[in-house]
Structures are given as C-alpha cells and as structure tokens.
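**Q** What follows is a structure written as structure tokens; I'll ask about it next.
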Amino acid sequence: MLILTAKMPKRKLTLGVAAAALLCCCAIALNFGHAAVRETSASALPSSKGVKSNQDRVDYLAAYGWEVSQDPIATQELIIPEELDASYDEYLALQEGQGFDLKKYTGKRVKRYTYEVLNYPTGEAGVQANLLLCKNTVVGGEVLSPRLDGFLHGLAMP
C-alpha cells in the first residue's frame, strides 16, 4: 500500500476549492442555457393544428422560412395505406424526424398541397414544398426537387 501526503497552505487549498466550485457553476449554467435554446427552438415551430385555409398553409411554410407561391400548384387527395411496408421506412423516418407520426393516420384520407418554393438557398428553380393535411392538421411535409437528380428533405430550411 502506498500513501502520499502533501503539505499545502490553507490559502491555496481555499482558492483551489473556490475555482472548482466556480467551474461547476459555469458548467451548470451552460447546460441550462443549452436547454433553454432547445426549448425556444422547439416552441418556435408552427402549430400543426388549425391549418384551415390556403393562407394558413402559406403562413405555415413561411414559419419555416419558405417563400412559396400564393396558390398551390397541385392538390391531391390521398389515402395513407393501412399497412406501411418497408418501402415507406425512409419516408416515415423523415416525417418522424420532424415530429410527424404518419402511422397514426393509416387508412385515413389526407390532402397533399404542393407549392412552388421561390427562395431555395441554392437558387434552384422548380423546388416544391408539400404539406399533408388530415382535416385541419398538418400530419407531414417535405421539400423536394422533382428533377431526376433531385433531393428530398424535411420542412426545415437547410
């Protein structure tokens, strides 16, 4: 067994303990700050309920930073399949990552509203934003490029 002892003046010991306590307080304060930022950003998302009119849909997309055409370029009525096989996994993951749970809407009718995005960050033309609504609730959405080498991502501005 090995025992080490050291002599240290009380003044240095007190300063060391005070410095350690200050570092702990700073770490705790930073953690609370990050939690507040996460809470603020989550509450900054638009409410998916009460989206009744075309203007409500345009405003919903604007809350994500998208400037879109005033009228949809397409409106389709769809039925979410009762059974979502493996071909839906990637799309379901995209929607779940945004807080949407399409599994709750299997077998239900939804409307898909497609708008042209006018301010995509790369300047690419023809980009579209889709919103899936069940009654007056947004249940899904995405931004995509319909080109052959296009892309698909969530509603958040990249």
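Order determines the names: the first chain of the structure tokens is A, the second B, and so forth; residues in each chain are numbered 1 upward, and ligands are numbered 1 upward as they are shown.
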Taking only region 80-135 of chain A into account, list the residues labelled alpha helix (DSSP H) by DSSP (computed from the backbone), as a list in words.

**A** Asp89, Glu90, Tyr91, Leu92, Ala93, Leu94, Gln95, Glu96 and Gly97 of chain A

**Q** Selection from above, C-alpha atoms, as a short mmCIF file (atom, residue, chain, number, x, y, z; two decimals), in the first residue's frame, can you write it?

**A**
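Below is the file selection_38.cif, written as the result:
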data_model
loop_
_atom_site.label_atom_id
_atom_site.label_comp_id
_atom_site.auth_asym_id
_atom_site.auth_seq_id
_atom_site.Cartn_x
_atom_site.Cartn_y
_atom_site.Cartn_z
CA ASP A 89 -39.41 3.24 -43.90
CA GLU A 90 -37.22 6.07 -45.19
CA TYR A 91 -40.17 8.42 -45.69
CA LEU A 92 -41.61 7.59 -42.27
CA ALA A 93 -38.20 8.27 -40.69
CA LEU A 94 -38.07 11.66 -42.43
CA GLN A 95 -41.53 12.55 -41.09
CA GLU A 96 -40.79 11.25 -37.57
CA GLY A 97 -37.62 13.36 -37.52
#

**Q** Residues at most 7 Å from region 59-72 of chain A, counting only C-alpha atoms, excluding those fewer than 2 positions away in the same chain, as a ChimeraX atom specification?

**A** /A:46,55-57,74-75,113-119,155-157

**Q** Using Å and a single decimal, report how far CA of Gly154 (chain A) sits from CA of Gly140 (chain A).

**A**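 Rounded to one decimal, the two atoms are 9.1 Å apart.
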
**Q** For Gln128 (chain A), which residue out of A:Ile73, A:Asp149, A:Gly99, A:Pro158 is the nearest one, using only C-alpha atoms?

**A**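 Comparing A:Ile73, A:Asp149, A:Gly99, A:Pro158 against Gln128 (chain A), the winner is A:Ile73.
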
**Q** Just asking: which residues within region 87-156 of chain A are strand (DSSP E or B) according to DSSP, as a compact mmCIF listing (two decimals) with N, CA, C and O atoms, in the first residue's frame?

**A**
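Output contents, as saved in result_10.txt:
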# COMPACT_ATOMS: atom_id res chain seq x y z
N ARG A 109 -57.90 9.50 -45.06
CA ARG A 109 -57.74 10.40 -46.20
C ARG A 109 -56.96 11.63 -45.76
O ARG A 109 -57.25 12.22 -44.74
N VAL A 110 -56.00 12.01 -46.60
CA VAL A 110 -55.25 13.24 -46.37
C VAL A 110 -55.22 14.00 -47.69
O VAL A 110 -55.43 13.43 -48.76
N LYS A 111 -54.98 15.29 -47.60
CA LYS A 111 -54.81 16.11 -48.79
C LYS A 111 -53.36 16.55 -48.83
O LYS A 111 -52.80 16.96 -47.82
N ARG A 112 -52.78 16.46 -50.02
CA ARG A 112 -51.41 16.93 -50.22
C ARG A 112 -51.48 18.21 -51.05
O ARG A 112 -51.99 18.22 -52.16
N TYR A 113 -50.96 19.28 -50.47
CA TYR A 113 -50.89 20.57 -51.14
C TYR A 113 -49.45 20.80 -51.53
O TYR A 113 -48.55 20.73 -50.70
N THR A 114 -49.23 21.08 -52.82
CA THR A 114 -47.88 21.29 -53.34
C THR A 114 -47.73 22.75 -53.75
O THR A 114 -48.54 23.27 -54.51
N TYR A 115 -46.69 23.38 -53.20
CA TYR A 115 -46.40 24.79 -53.51
C TYR A 115 -45.02 24.89 -54.14
O TYR A 115 -44.12 24.12 -53.81
N GLU A 116 -44.86 25.87 -55.01
CA GLU A 116 -43.53 26.13 -55.57
C GLU A 116 -42.75 26.99 -54.58
O GLU A 116 -43.26 28.00 -54.08
N VAL A 117 -41.53 26.57 -54.28
CA VAL A 117 -40.65 27.32 -53.37
C VAL A 117 -39.92 28.37 -54.21
O VAL A 117 -39.30 28.05 -55.22
N GLN A 128 -40.18 22.27 -54.78
CA GLN A 128 -41.56 22.22 -54.28
C GLN A 128 -41.60 21.90 -52.80
O GLN A 128 -40.73 21.21 -52.27
N ALA A 129 -42.65 22.40 -52.15
CA ALA A 129 -42.92 22.07 -50.75
C ALA A 129 -44.28 21.40 -50.70
O ALA A 129 -45.25 21.91 -51.26
N ASN A 130 -44.32 20.25 -50.05
CA ASN A 130 -45.58 19.52 -49.88
C ASN A 130 -46.02 19.58 -48.43
O ASN A 130 -45.20 19.45 -47.52
N LEU A 131 -47.32 19.75 -48.22
CA LEU A 131 -47.91 19.64 -46.90
C LEU A 131 -49.00 18.58 -46.97
O LEU A 131 -49.83 18.60 -47.87
N LEU A 132 -48.98 17.64 -46.02
CA LEU A 132 -50.03 16.64 -45.89
C LEU A 132 -50.94 17.06 -44.75
O LEU A 132 -50.47 17.25 -43.63
N LEU A 133 -52.24 17.21 -45.04
CA LEU A 133 -53.19 17.61 -44.02
C LEU A 133 -54.30 16.59 -43.88
O LEU A 133 -54.83 16.10 -44.88
N CYS A 134 -54.62 16.29 -42.65
CA CYS A 134 -55.78 15.47 -42.33
C CYS A 134 -56.74 16.40 -41.59
O CYS A 134 -56.43 16.88 -40.49
N THR A 137 -55.21 19.57 -39.71
CA THR A 137 -53.96 19.31 -39.02
C THR A 137 -52.88 18.88 -40.01
O THR A 137 -53.10 17.98 -40.81
N VAL A 138 -51.73 19.53 -39.93
CA VAL A 138 -50.59 19.12 -40.76
C VAL A 138 -50.05 17.83 -40.17
O VAL A 138 -49.70 17.77 -38.99
N VAL A 139 -49.99 16.78 -40.97
CA VAL A 139 -49.53 15.47 -40.49
C VAL A 139 -48.21 15.06 -41.14
O VAL A 139 -47.64 14.03 -40.80
N GLY A 140 -47.72 15.88 -42.07
CA GLY A 140 -46.46 15.57 -42.73
C GLY A 140 -46.11 16.66 -43.73
O GLY A 140 -46.94 17.51 -44.05
N GLY A 141 -44.88 16.61 -44.20
CA GLY A 141 -44.45 17.58 -45.19
C GLY A 141 -43.01 17.38 -45.56
O GLY A 141 -42.25 16.74 -44.83
N GLU A 142 -42.65 17.93 -46.71
CA GLU A 142 -41.27 17.84 -47.17
C GLU A 142 -41.02 18.88 -48.24
O GLU A 142 -41.94 19.46 -48.79
N VAL A 143 -39.73 19.10 -48.50
CA VAL A 143 -39.29 19.98 -49.58
C VAL A 143 -38.50 19.10 -50.53
O VAL A 143 -37.70 18.27 -50.09
N LEU A 144 -38.75 19.26 -51.84
CA LEU A 144 -38.10 18.37 -52.80
C LEU A 144 -37.82 19.06 -54.11
O LEU A 144 -38.44 20.08 -54.44
N LEU A 152 -34.75 15.38 -51.47
CA LEU A 152 -35.94 15.36 -50.63
C LEU A 152 -35.46 15.55 -49.20
O LEU A 152 -34.57 14.84 -48.74
N HIS A 153 -36.02 16.54 -48.49
CA HIS A 153 -35.67 16.75 -47.08
C HIS A 153 -36.87 17.32 -46.36
O HIS A 153 -37.90 17.62 -46.96

**Q** Between CA of Ser47 (chain A) and CA of Val127 (chain A), what distance in Å does the model show, to one decimal?

**A**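 Answer for the CA of Ser47 (chain A) to CA of Val127 (chain A) separation: 23.7 Å.
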
**Q** How many Å lie between CA of Asp85 (chain A) and CA of Asp101 (chain A), rounded to one decimal?

**A**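 Rounded to one decimal, the two atoms are 15.2 Å apart.
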
**Q** Determine the nearest neighbour of Glu124 (chain A) from the options A:Asn136, A:Ser48, A:Ser145, A:Ser87, counting only C-alpha atoms.

**A**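 Using only C-alpha atoms, the shortest distance to Glu124 (chain A) belongs to A:Ser145.
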
**Q** Pick out the closest residue to Pro81 (chain A) from this set: A:Lys7, A:Lys49, A:Lys104, A:Arg147. Count only C-alpha atoms.

**A**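 That would be A:Lys104, the residue with the smallest distance to Pro81 (chain A).
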